[in-house]
Every structure is written in structure tokens, then in C-alpha cells.
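*Asks:* Just so it is clear, I am handing over entry15.cif, which has mmCIF, C-alpha atoms and all ligand atoms; chains and numbers go by the auth columns.
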data_model
#
loop_
_atom_site.group_PDB
_atom_site.id
_atom_site.type_symbol
_atom_site.label_atom_id
_atom_site.label_comp_id
_atom_site.label_asym_id
_atom_site.label_seq_id
_atom_site.Cartn_x
_atom_site.Cartn_y
_atom_site.Cartn_z
_atom_site.B_iso_or_equiv
_atom_site.auth_seq_id
_atom_site.auth_asym_id
ATOM 1 C CA MET A 1 93.005 94.844 90.926 0.00 491 A
ATOM 2 C CA GLN A 2 96.310 95.809 92.550 0.00 492 A
ATOM 3 C CA THR A 3 96.183 98.226 95.480 0.00 493 A
ATOM 4 C CA ASN A 4 98.393 101.263 94.832 0.00 494 A
ATOM 5 C CA ILE A 5 100.097 102.833 97.832 0.00 495 A
ATOM 6 C CA ILE A 6 102.615 105.645 98.218 0.00 496 A
ATOM 7 C CA VAL A 7 104.619 105.427 101.429 0.00 497 A
ATOM 8 C CA ALA A 8 105.159 108.938 102.750 0.00 498 A
ATOM 9 C CA THR A 9 108.575 108.575 104.337 0.00 499 A
ATOM 10 C CA ASN A 10 112.217 109.475 103.730 0.00 500 A
ATOM 11 C CA ASN A 11 113.309 106.760 106.166 0.00 501 A
ATOM 12 C CA ILE A 12 114.758 103.837 104.206 0.00 502 A
ATOM 13 C CA GLY A 13 114.400 101.450 107.172 0.00 503 A
ATOM 14 C CA LYS A 14 110.677 102.122 107.451 0.00 504 A
ATOM 15 C CA ALA A 15 110.087 101.967 103.692 0.00 505 A
ATOM 16 C CA THR A 16 111.904 98.607 103.488 0.00 506 A
ATOM 17 C CA GLU A 17 109.794 97.080 106.267 0.00 507 A
ATOM 18 C CA ILE A 18 106.542 98.447 104.845 0.00 508 A
ATOM 19 C CA LYS A 19 107.284 97.191 101.313 0.00 509 A
ATOM 20 C CA HIS A 20 108.300 93.792 102.658 0.00 510 A
ATOM 21 C CA PHE A 21 105.094 93.591 104.684 0.00 511 A
ATOM 22 C CA PHE A 22 102.830 94.238 101.703 0.00 512 A
ATOM 23 C CA GLY A 23 104.694 91.925 99.317 0.00 513 A
ATOM 24 C CA PRO A 24 104.411 91.703 95.544 0.00 514 A
ATOM 25 C CA CYS A 25 100.580 91.690 95.322 0.00 515 A
ATOM 26 C CA PHE A 26 100.554 95.385 96.220 0.00 516 A
ATOM 27 C CA ASN A 27 102.060 98.228 94.261 0.00 517 A
ATOM 28 C CA VAL A 28 103.885 100.025 97.068 0.00 518 A
ATOM 29 C CA LEU A 29 106.127 102.919 96.053 0.00 519 A
ATOM 30 C CA SER A 30 108.285 105.105 98.244 0.00 520 A
ATOM 31 C CA LEU A 31 108.852 108.801 97.605 0.00 521 A
ATOM 32 C CA SER A 32 112.275 108.080 96.135 0.00 522 A
ATOM 33 C CA ASP A 33 110.729 105.498 93.758 0.00 523 A
ATOM 34 C CA ILE A 34 108.659 108.296 92.224 0.00 524 A
ATOM 35 C CA SER A 35 111.465 110.872 92.463 0.00 525 A
ATOM 36 C CA ILE A 36 109.638 113.103 94.933 0.00 526 A
ATOM 37 C CA ASP A 37 112.090 114.960 97.106 0.00 527 A
ATOM 38 C CA VAL A 38 110.294 116.599 100.034 0.00 528 A
ATOM 39 C CA ASP A 39 111.577 117.412 103.508 0.00 529 A
ATOM 40 C CA LEU A 40 109.133 115.527 105.717 0.00 530 A
ATOM 41 C CA ASP A 41 111.180 116.350 108.839 0.00 531 A
ATOM 42 C CA ALA A 42 110.068 119.955 108.471 0.00 532 A
ATOM 43 C CA VAL A 43 106.427 118.843 108.401 0.00 533 A
ATOM 44 C CA GLU A 44 106.439 116.785 111.583 0.00 534 A
ATOM 45 C CA ASP A 45 106.236 119.557 114.166 0.00 535 A
ATOM 46 C CA GLY A 46 103.260 118.131 116.079 0.00 536 A
ATOM 47 C CA ASP A 47 103.229 117.110 119.740 0.00 537 A
ATOM 48 C CA THR A 48 101.998 113.575 119.192 0.00 538 A
ATOM 49 C CA PHE A 49 102.640 110.609 116.930 0.00 539 A
ATOM 50 C CA VAL A 50 99.084 110.936 115.601 0.00 540 A
ATOM 51 C CA ASP A 51 99.501 114.634 114.712 0.00 541 A
ATOM 52 C CA ASN A 52 102.747 113.946 112.889 0.00 542 A
ATOM 53 C CA ALA A 53 101.508 110.906 110.995 0.00 543 A
ATOM 54 C CA ILE A 54 98.482 112.886 109.767 0.00 544 A
ATOM 55 C CA LYS A 55 100.616 115.906 108.860 0.00 545 A
ATOM 56 C CA LYS A 56 102.983 113.790 106.767 0.00 546 A
ATOM 57 C CA ALA A 57 100.199 111.862 105.029 0.00 547 A
ATOM 58 C CA GLU A 58 98.226 115.005 104.169 0.00 548 A
ATOM 59 C CA PHE A 59 101.326 116.874 103.040 0.00 549 A
ATOM 60 C CA VAL A 60 102.295 114.126 100.601 0.00 550 A
ATOM 61 C CA LYS A 61 98.700 113.747 99.415 0.00 551 A
ATOM 62 C CA ASP A 62 98.791 117.465 98.517 0.00 552 A
ATOM 63 C CA VAL A 63 102.144 117.130 96.756 0.00 553 A
ATOM 64 C CA LEU A 64 100.710 114.299 94.621 0.00 554 A
ATOM 65 C CA LYS A 65 97.629 116.266 93.537 0.00 555 A
ATOM 66 C CA GLY A 66 97.686 116.714 89.778 0.00 556 A
ATOM 67 C CA SER A 67 100.334 114.001 89.350 0.00 557 A
ATOM 68 C CA ASN A 68 99.959 110.477 87.991 0.00 558 A
ATOM 69 C CA TYR A 69 99.813 109.278 91.605 0.00 559 A
ATOM 70 C CA ARG A 70 96.807 111.356 92.703 0.00 560 A
ATOM 71 C CA ASP A 71 94.603 108.241 92.989 0.00 561 A
ATOM 72 C CA PHE A 72 97.059 106.277 95.117 0.00 562 A
ATOM 73 C CA LEU A 73 96.475 105.648 98.809 0.00 563 A
ATOM 74 C CA VAL A 74 99.005 107.579 100.891 0.00 564 A
ATOM 75 C CA LEU A 75 100.398 105.909 103.996 0.00 565 A
ATOM 76 C CA ALA A 76 102.557 107.734 106.555 0.00 566 A
ATOM 77 C CA ASP A 77 104.243 106.233 109.613 0.00 567 A
ATOM 78 C CA ASP A 78 105.156 108.214 112.699 0.00 568 A
ATOM 79 C CA SER A 79 106.938 106.155 115.272 0.00 569 A
ATOM 80 C CA GLY A 80 109.473 106.150 118.069 0.00 570 A
ATOM 81 C CA ILE A 81 110.613 104.586 121.295 0.00 571 A
ATOM 82 C CA GLU A 82 109.266 105.404 124.769 0.00 572 A
ATOM 83 C CA ILE A 83 111.513 104.542 127.706 0.00 573 A
ATOM 84 C CA ASP A 84 109.749 104.549 131.071 0.00 574 A
ATOM 85 C CA ALA A 85 112.899 105.244 133.113 0.00 575 A
ATOM 86 C CA LEU A 86 113.431 108.411 131.023 0.00 576 A
ATOM 87 C CA GLY A 87 109.862 109.610 131.582 0.00 577 A
ATOM 88 C CA GLY A 88 108.748 108.335 128.157 0.00 578 A
ATOM 89 C CA LYS A 89 111.605 109.979 126.224 0.00 579 A
ATOM 90 C CA PRO A 90 112.653 110.139 123.459 0.00 580 A
ATOM 91 C CA GLY A 91 109.047 109.408 122.339 0.00 581 A
ATOM 92 C CA VAL A 92 107.820 111.636 119.581 0.00 582 A
ATOM 93 C CA ASP A 93 111.338 113.155 119.308 0.00 583 A
ATOM 94 C CA SER A 94 113.035 109.806 118.666 0.00 584 A
ATOM 95 C CA ALA A 95 114.413 110.809 115.266 0.00 585 A
ATOM 96 C CA ASN A 96 115.919 114.037 116.644 0.00 586 A
ATOM 97 C CA PHE A 97 116.966 112.813 120.087 0.00 587 A
ATOM 98 C CA LEU A 98 120.365 114.439 120.931 0.00 588 A
ATOM 99 C CA GLY A 99 120.394 115.875 117.385 0.00 589 A
ATOM 100 C CA ARG A 100 119.247 114.404 114.087 0.00 590 A
ATOM 101 C CA GLU A 101 122.832 113.822 112.903 0.00 591 A
ATOM 102 C CA THR A 102 124.015 112.219 116.161 0.00 592 A
ATOM 103 C CA PRO A 103 125.096 108.626 115.466 0.00 593 A
ATOM 104 C CA TYR A 104 122.880 106.023 117.107 0.00 594 A
ATOM 105 C CA ALA A 105 125.929 104.570 118.916 0.00 595 A
ATOM 106 C CA LYS A 106 126.242 107.898 120.787 0.00 596 A
ATOM 107 C CA ARG A 107 122.525 107.959 121.572 0.00 597 A
ATOM 108 C CA PHE A 108 122.748 104.413 122.959 0.00 598 A
ATOM 109 C CA GLU A 109 125.714 105.399 125.148 0.00 599 A
ATOM 110 C CA HIS A 110 123.710 108.281 126.561 0.00 600 A
ATOM 111 C CA ILE A 111 120.551 106.228 127.157 0.00 601 A
ATOM 112 C CA LEU A 112 122.451 103.340 128.754 0.00 602 A
ATOM 113 C CA SER A 113 124.406 105.661 131.021 0.00 603 A
ATOM 114 C CA GLU A 114 121.183 107.413 132.103 0.00 604 A
ATOM 115 C CA MET A 115 119.742 104.028 133.001 0.00 605 A
ATOM 116 C CA ASP A 116 122.932 102.931 134.728 0.00 606 A
ATOM 117 C CA ASP A 117 122.449 99.433 136.135 0.00 607 A
ATOM 118 C CA LEU A 118 118.683 99.522 136.584 0.00 608 A
ATOM 119 C CA PRO A 119 117.236 96.024 136.951 0.00 609 A
ATOM 120 C CA VAL A 120 115.195 94.558 134.090 0.00 610 A
ATOM 121 C CA GLU A 121 111.873 95.381 135.823 0.00 611 A
ATOM 122 C CA GLU A 122 112.794 99.080 135.630 0.00 612 A
ATOM 123 C CA ARG A 123 113.948 99.053 131.997 0.00 613 A
ATOM 124 C CA ALA A 124 110.521 98.820 130.332 0.00 614 A
ATOM 125 C CA ALA A 125 110.258 100.487 126.923 0.00 615 A
ATOM 126 C CA ARG A 126 108.174 100.209 123.791 0.00 616 A
ATOM 127 C CA PHE A 127 108.205 101.078 120.133 0.00 617 A
ATOM 128 C CA VAL A 128 105.069 102.969 119.116 0.00 618 A
ATOM 129 C CA CYS A 129 103.775 103.295 115.565 0.00 619 A
ATOM 130 C CA ILE A 130 100.933 105.332 114.169 0.00 620 A
ATOM 131 C CA MET A 131 100.002 104.744 110.549 0.00 621 A
ATOM 132 C CA ALA A 132 97.933 107.435 108.855 0.00 622 A
ATOM 133 C CA LEU A 133 96.148 106.393 105.680 0.00 623 A
ATOM 134 C CA VAL A 134 94.673 108.948 103.294 0.00 624 A
ATOM 135 C CA CYS A 135 92.316 107.604 100.648 0.00 625 A
ATOM 136 C CA PRO A 136 91.812 109.138 97.190 0.00 626 A
ATOM 137 C CA CYS A 137 88.519 110.619 98.511 0.00 627 A
ATOM 138 C CA ASP A 138 90.659 112.436 101.164 0.00 628 A
ATOM 139 C CA SER A 139 89.219 110.546 104.139 0.00 629 A
ATOM 140 C CA ILE A 140 91.893 109.853 106.744 0.00 630 A
ATOM 141 C CA HIS A 141 92.260 107.023 109.251 0.00 631 A
ATOM 142 C CA THR A 142 94.918 106.309 111.860 0.00 632 A
ATOM 143 C CA PHE A 143 96.047 102.977 113.294 0.00 633 A
ATOM 144 C CA ARG A 144 98.169 102.504 116.435 0.00 634 A
ATOM 145 C CA ALA A 145 100.286 99.596 117.595 0.00 635 A
ATOM 146 C CA THR A 146 103.137 99.062 120.043 0.00 636 A
ATOM 147 C CA LEU A 147 105.900 96.555 120.688 0.00 637 A
ATOM 148 C CA GLY A 148 106.882 96.299 124.338 0.00 638 A
ATOM 149 C CA GLY A 149 110.143 95.059 125.804 0.00 639 A
ATOM 150 C CA TYR A 150 113.052 96.303 127.885 0.00 640 A
ATOM 151 C CA ILE A 151 116.239 98.264 127.271 0.00 641 A
ATOM 152 C CA ALA A 152 119.281 96.020 126.804 0.00 642 A
ATOM 153 C CA TYR A 153 122.426 96.419 128.913 0.00 643 A
ATOM 154 C CA GLU A 154 124.413 96.874 125.711 0.00 644 A
ATOM 155 C CA PRO A 155 123.482 97.326 122.032 0.00 645 A
ATOM 156 C CA GLN A 156 123.266 94.063 120.100 0.00 646 A
ATOM 157 C CA GLY A 157 122.443 93.117 116.501 0.00 647 A
ATOM 158 C CA GLU A 158 123.076 94.571 113.074 0.00 648 A
ATOM 159 C CA GLN A 159 119.683 94.456 111.366 0.00 649 A
ATOM 160 C CA GLY A 160 116.849 96.947 111.233 0.00 650 A
ATOM 161 C CA PHE A 161 117.485 100.628 111.950 0.00 651 A
ATOM 162 C CA GLY A 162 117.277 103.318 114.625 0.00 652 A
ATOM 163 C CA TYR A 163 116.904 102.019 118.175 0.00 653 A
ATOM 164 C CA ASP A 164 116.589 98.347 117.171 0.00 654 A
ATOM 165 C CA PRO A 165 119.890 97.343 118.857 0.00 655 A
ATOM 166 C CA ILE A 166 118.690 98.381 122.332 0.00 656 A
ATOM 167 C CA LEU A 167 115.109 97.061 122.589 0.00 657 A
ATOM 168 C CA VAL A 168 114.948 93.451 123.779 0.00 658 A
ATOM 169 C CA VAL A 169 111.634 91.744 123.005 0.00 659 A
ATOM 170 C CA PRO A 170 110.494 88.988 125.366 0.00 660 A
ATOM 171 C CA GLN A 171 109.080 86.873 122.491 0.00 661 A
ATOM 172 C CA TYR A 172 112.643 86.123 121.333 0.00 662 A
ATOM 173 C CA ASN A 173 114.746 87.375 124.229 0.00 663 A
ATOM 174 C CA LYS A 174 116.707 89.272 121.561 0.00 664 A
ATOM 175 C CA THR A 175 116.915 92.865 120.425 0.00 665 A
ATOM 176 C CA THR A 176 114.868 93.683 117.330 0.00 666 A
ATOM 177 C CA ALA A 177 118.203 94.275 115.544 0.00 667 A
ATOM 178 C CA MET A 178 118.862 90.529 115.972 0.00 668 A
ATOM 179 C CA LEU A 179 115.670 89.590 114.105 0.00 669 A
ATOM 180 C CA ASP A 180 115.345 89.247 110.362 0.00 670 A
ATOM 181 C CA ILE A 181 112.801 91.458 108.635 0.00 671 A
ATOM 182 C CA GLU A 182 110.123 88.756 108.592 0.00 672 A
ATOM 183 C CA GLN A 183 110.471 88.035 112.317 0.00 673 A
ATOM 184 C CA LYS A 184 110.440 91.739 113.128 0.00 674 A
ATOM 185 C CA ASN A 185 107.411 92.497 110.941 0.00 675 A
ATOM 186 C CA ALA A 186 105.487 89.605 112.513 0.00 676 A
ATOM 187 C CA ILE A 187 105.619 91.155 115.996 0.00 677 A
ATOM 188 C CA SER A 188 106.573 94.781 115.564 0.00 678 A
ATOM 189 C CA HIS A 189 104.625 97.963 116.203 0.00 679 A
ATOM 190 C CA ARG A 190 104.892 98.664 112.459 0.00 680 A
ATOM 191 C CA GLY A 191 103.837 95.170 111.376 0.00 681 A
ATOM 192 C CA ARG A 192 100.848 95.228 113.721 0.00 682 A
ATOM 193 C CA ALA A 193 99.769 98.708 112.641 0.00 683 A
ATOM 194 C CA LEU A 194 100.038 97.581 109.011 0.00 684 A
ATOM 195 C CA THR A 195 97.859 94.551 109.797 0.00 685 A
ATOM 196 C CA LEU A 196 95.194 96.985 111.024 0.00 686 A
ATOM 197 C CA VAL A 197 95.580 98.988 107.800 0.00 687 A
ATOM 198 C CA LEU A 198 95.043 95.812 105.779 0.00 688 A
ATOM 199 C CA GLU A 199 91.978 94.855 107.790 0.00 689 A
ATOM 200 C CA HIS A 200 90.622 98.348 107.148 0.00 690 A
ATOM 201 C CA LEU A 201 91.272 97.986 103.418 0.00 691 A
ATOM 202 C CA ASP A 202 89.786 94.500 103.634 0.00 692 A
ATOM 203 C CA CYS A 203 92.495 93.047 101.443 0.00 693 A
ATOM 204 C CA GLY A 204 94.314 90.735 103.873 0.00 694 A
ATOM 205 C CA SER A 205 93.664 87.826 101.501 0.00 695 A
ATOM 206 C CA LYS A 206 96.033 89.382 98.946 0.00 696 A
ATOM 207 C CA LEU A 207 99.081 88.846 101.159 0.00 697 A
HETATM 208 P P1 LIG B . 109.792 109.679 112.603 0.00 701 A
HETATM 209 O O1 LIG B . 108.602 108.748 112.620 0.00 701 A
HETATM 210 O O2 LIG B . 110.221 110.042 111.241 0.00 701 A
HETATM 211 O O3 LIG B . 109.607 110.826 113.536 0.00 701 A
HETATM 212 O O4 LIG B . 111.047 108.857 113.155 0.00 701 A
HETATM 213 C C1 LIG B . 110.902 107.762 113.925 0.00 701 A
HETATM 214 C C2 LIG B . 112.217 107.431 114.618 0.00 701 A
HETATM 215 O O5 LIG B . 111.893 106.500 115.662 0.00 701 A
HETATM 216 C C3 LIG B . 113.196 106.713 113.704 0.00 701 A
HETATM 217 O O6 LIG B . 114.071 107.615 113.067 0.00 701 A
HETATM 218 C C4 LIG B . 113.923 105.808 114.686 0.00 701 A
HETATM 219 O O7 LIG B . 114.900 106.511 115.371 0.00 701 A
HETATM 220 C C5 LIG B . 112.808 105.455 115.679 0.00 701 A
HETATM 221 N N1 LIG B . 112.104 104.224 115.259 0.00 701 A
HETATM 222 C C6 LIG B . 110.854 104.115 114.739 0.00 701 A
HETATM 223 N N2 LIG B . 110.568 102.839 114.442 0.00 701 A
HETATM 224 C C7 LIG B . 111.658 102.130 114.772 0.00 701 A
HETATM 225 C C8 LIG B . 111.966 100.756 114.647 0.00 701 A
HETATM 226 O O8 LIG B . 111.196 99.917 114.135 0.00 701 A
HETATM 227 N N3 LIG B . 113.180 100.400 115.097 0.00 701 A
HETATM 228 C C9 LIG B . 114.062 101.281 115.636 0.00 701 A
HETATM 229 N N4 LIG B . 113.833 102.573 115.747 0.00 701 A
HETATM 230 C C10 LIG B . 112.628 103.009 115.311 0.00 701 A
#
Would you mind writing the file's structure down as C-alpha cells?
*Replies:*
Amino acid sequence: MQTNIIVATNNIGKATEIKHFFGPCFNVLSLSDISIDVDLDAVEDGDTFVDNAIKKAEFVKDVLKGSNYRDFLVLADDSGIEIDALGGKPGVDSANFLGRETPYAKRFEHILSEMDDLPVEERAARFVCIMALVCPCDSIHTFRATLGGYIAYEPQGEQGFGYDPILVVPQYNKTTAMLDIEQKNAISHRGRALTLVLEHLDCGSKL
């Protein structure tokens, strides 16, 4: 039987990576696929990735009650980038860092100027992802994974989304924006957290 999952996000970049990860053997639908228009930004007012992932998952689960999707699993992702030289910022505020509407090019300029010419050893950073999974019985589980690397000296790459152009991963010596979606999912915080979700669901063999 196909596993039915609703991805609780308005972020197209995340939804694309999550759908690609699960592949055609899963029925993975985003909120826009089912014409649900909710402002998840307003929901994520917690202090931690875990709080926000749970808030988003539970909020969408509630919205789906009484709909045709009430028996679907609901999966929410809260994620961001932590930069050691900036005391862990932007962290949980990654989406809103310097203002939600601020273009990423401007955010990169700011981050790179704050880090000036710090040597590679002092440019450590990581993407963090928490996946919150709510089952039809309302039980909730969270899964955490990270992808470590260092902040580039200049943005590079066109793929992915968000801060991808400035995180260099040692595995490839490239930014994650220079990786295709398969390469990124194989090593990323999101891909690894999703692997934990699959192990939990015990359906890895379907991939
Ligand atoms: P939120 O989980 O909706 O609070 O937003 C997460 C934010 O973190 C995104 O809007 C991006 O700015 C950033 N982010 C999360 N995951 C990634 C990633 O895989 N690549 C680049 N940026 C990311």
C-alpha cells in the first residue's frame, strides 16, 4: 500500500527536495497540491527548531481534520544555518534573517562582510534540519540531522535555495548550490533527517 504524506511547508525548495527524496512509490503532496493556503510563518514563533517543526506539523494536522487528507501522515521541516563566527546566527531565524523579503544576495553580502577574511578553520557552519512527523493517531516524532561545512569566501552555484550558495561541504569541496538535487539529498541535513523518518516508518525498501 502506498504511504500518504502531506508536507507541511510553503517553501518550494524544501517541498521539491522532500518529494524527490521519497520518489514515486510514495504519495507525497505539498500544501499547494491540495490547495491549502495557510500562513505557516505565523505559526513558527518557537525558540528552537524542534518547537517550530512540531508547531507546523500539529497546525497542519488540525487544518486537515475533517478533510479527505485526515488519514495522511503530516511531515514538517524546520531548518536553518548556524554560523559559528556569528555566535550560531541566523539559526532558528534563518528564514527571517535581515527581513523575510531581503534578497539572499544581500544577506550573503552581510554575512561575508561580518566574517571578513577569517581563515577556513574559523568559518565553520552547518545546516540543521528537524523533521516532525505526526501520524493519523496523533503521535508525534522528531528527527534531527545536520550538514557541516564552512562559509565560502563568495557565493557560488545556482541550484537549491536559501543559503545553499555560501555553505561549502568538504565531501565535494563545493557549495550545496553547486550540487544537483540527488547529490544534495544524499548528504544533506534534510536527506539524512528523511532517512531517519523512513527508518521509523520502516519503509526504506520502497525507495
Ligand atoms: P523555516 O524552516 O521555514 O524556518 O526556514 C528555513 C530557512 O533556512 C530557509 O528559508 C532557508 O533560508 C534556510 N534553509 C533551510 N534549509 C536549507 C537548505 O537546504 N539550503 C539552504 N538554506 C536552507
*Asks:* Name every residue that the PyMOL selection byres (((chain A and resi 494) around 7) and not hetatm) selects in this structure, writing the answer as JSON, numbers by chain with chains first and numbers rising.
*Replies:* {"A": [492, 493, 495, 496, 516, 517, 518, 562, 563]}
*Asks:* For the residues selected in the previous step, produce a file with C-alpha atoms as a compact mmCIF listing (two decimals), keeping the file's coordinate frame.
*Replies:*
# COMPACT_ATOMS: atom_id res chain seq x y z
CA GLN A 492 96.31 95.81 92.55
CA THR A 493 96.18 98.23 95.48
CA ILE A 495 100.10 102.83 97.83
CA ILE A 496 102.62 105.64 98.22
CA PHE A 516 100.55 95.38 96.22
CA ASN A 517 102.06 98.23 94.26
CA VAL A 518 103.88 100.02 97.07
CA PHE A 562 97.06 106.28 95.12
CA LEU A 563 96.48 105.65 98.81
*Asks:* Write out as a compact mmCIF listing (two decimals) with C-alpha atoms, in the frame of the given file each polymer residue (protein, DNA or RNA) that has an atom no more than 7 Å from ligand LIG 701 (chain A), with all atoms listed in the file counted.
*Replies:*
# COMPACT_ATOMS: atom_id res chain seq x y z
CA ASN A 501 113.31 106.76 106.17
CA ASP A 531 111.18 116.35 108.84
CA ASP A 567 104.24 106.23 109.61
CA ASP A 568 105.16 108.21 112.70
CA SER A 569 106.94 106.16 115.27
CA GLY A 570 109.47 106.15 118.07
CA ILE A 571 110.61 104.59 121.30
CA VAL A 582 107.82 111.64 119.58
CA ASP A 583 111.34 113.16 119.31
CA SER A 584 113.04 109.81 118.67
CA ALA A 585 114.41 110.81 115.27
CA PHE A 617 108.20 101.08 120.13
CA CYS A 619 103.78 103.30 115.56
CA GLY A 650 116.85 96.95 111.23
CA PHE A 651 117.48 100.63 111.95
CA GLY A 652 117.28 103.32 114.62
CA TYR A 653 116.90 102.02 118.18
CA ASP A 654 116.59 98.35 117.17
CA ARG A 680 104.89 98.66 112.46
*Asks:* Given the file shown, enumerate the residues that the PyMOL selection byres (((chain A and resi 622) around 12) and not hetatm) captures and present them as a compact mmCIF listing (two decimals) with C-alpha atoms, in the coordinates of the input.
*Replies:*
# COMPACT_ATOMS: atom_id res chain seq x y z
CA ILE A 496 102.62 105.64 98.22
CA VAL A 497 104.62 105.43 101.43
CA ALA A 498 105.16 108.94 102.75
CA THR A 499 108.58 108.58 104.34
CA PHE A 539 102.64 110.61 116.93
CA VAL A 540 99.08 110.94 115.60
CA ASP A 541 99.50 114.63 114.71
CA ASN A 542 102.75 113.95 112.89
CA ALA A 543 101.51 110.91 111.00
CA ILE A 544 98.48 112.89 109.77
CA LYS A 545 100.62 115.91 108.86
CA LYS A 546 102.98 113.79 106.77
CA ALA A 547 100.20 111.86 105.03
CA GLU A 548 98.23 115.00 104.17
CA PHE A 549 101.33 116.87 103.04
CA VAL A 550 102.30 114.13 100.60
CA LYS A 551 98.70 113.75 99.42
CA LEU A 563 96.48 105.65 98.81
CA VAL A 564 99.00 107.58 100.89
CA LEU A 565 100.40 105.91 104.00
CA ALA A 566 102.56 107.73 106.56
CA ASP A 567 104.24 106.23 109.61
CA ASP A 568 105.16 108.21 112.70
CA SER A 569 106.94 106.16 115.27
CA CYS A 619 103.78 103.30 115.56
CA ILE A 620 100.93 105.33 114.17
CA MET A 621 100.00 104.74 110.55
CA LEU A 623 96.15 106.39 105.68
CA VAL A 624 94.67 108.95 103.29
CA CYS A 625 92.32 107.60 100.65
CA ASP A 628 90.66 112.44 101.16
CA SER A 629 89.22 110.55 104.14
CA ILE A 630 91.89 109.85 106.74
CA HIS A 631 92.26 107.02 109.25
CA THR A 632 94.92 106.31 111.86
CA PHE A 633 96.05 102.98 113.29
CA ARG A 634 98.17 102.50 116.44
CA ALA A 635 100.29 99.60 117.60
CA ARG A 680 104.89 98.66 112.46
CA ALA A 683 99.77 98.71 112.64
CA LEU A 684 100.04 97.58 109.01
CA LEU A 686 95.19 96.98 111.02
CA VAL A 687 95.58 98.99 107.80
CA HIS A 690 90.62 98.35 107.15
*Asks:* Ranking A:Gly581, A:Leu588, A:Ser557, A:Pro514 by minimum distance to Asp537 (chain A) and counting only C-alpha atoms, which one comes first?
*Replies:*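 Ranking A:Gly581, A:Leu588, A:Ser557, A:Pro514 by distance to Asp537 (chain A), first place goes to A:Gly581.
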*Asks:* Could you check how far CA of Thr636 (chain A) sits from CA of Glu507 (chain A), in Å to one decimal?
*Replies:*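 Between CA of Thr636 (chain A) and CA of Glu507 (chain A) the gap is 15.4 Å.
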*Asks:* Can you list, as a list of chain:residue names, every protein, DNA or RNA residue that comes within 10 Å of Ile524 (chain A) when you count all atoms listed in the file, leaving out same-chain residues fewer than 5 positions away?
*Replies:*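 Contacts, with the query itself left out: A:Ile496, A:Leu519, A:Asn558, A:Tyr559.
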*Asks:* Counting all atoms listed in the file, which residue out of A:Val659, A:Ile671, A:Val553, A:Leu530 sits closest to Lys509 (chain A)?
*Replies:* A:Ile671
*Asks:* For Arg597 (chain A), please output as a PyMOL selection string all residues within 9 Å (counting only C-alpha atoms; exclusion window: fewer than 3 positions along the same chain).
*Replies:* chain A and resi 587-588+592-594+600-602+653
*Asks:* In terms of the shortest atom-to-atom distance over all atoms listed in the file, which of A:Thr666, A:Ser522, A:Ser603, A:Gln661 is closest to Ala505 (chain A)?
*Replies:* A:Ser522
*Asks:* Quick check, in Å to one decimal: how far apart do CA of Ile656 (chain A) and CA of Thr538 (chain A) lie?
*Replies:* 22.8 Å
*Asks:* When you draw a straight line from CA of Arg613 (chain A) to CA of Gly638 (chain A), how long is it in Å?
*Replies:* 10.8 Å
*Asks:* Counting all atoms listed in the file, which residue out of A:Leu637, A:Ile573, A:Met491, A:Cys515 sits closest to Ala676 (chain A)?
*Replies:*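 Of A:Leu637, A:Ile573, A:Met491, A:Cys515, the one nearest Ala676 (chain A), counting all atoms listed in the file, is A:Leu637.
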*Asks:* For each of A:His510, A:Ala667, A:Pro626, A:Gln646, take the minimum atom-to-atom distance to Asp561 (chain A), counting only C-alpha atoms, then give the residue where this is smallest.
*Replies:*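 Result for the nearest residue to Asp561 (chain A): A:Pro626.
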*Asks:* Anything within 9 Å of (116.9, 99.9, 134.9): list those residues as a ChimeraX atom specification, counting all atoms listed in the file and sticking to the file's coordinates.
*Replies:* /A:575,602,605-614,640-641,643
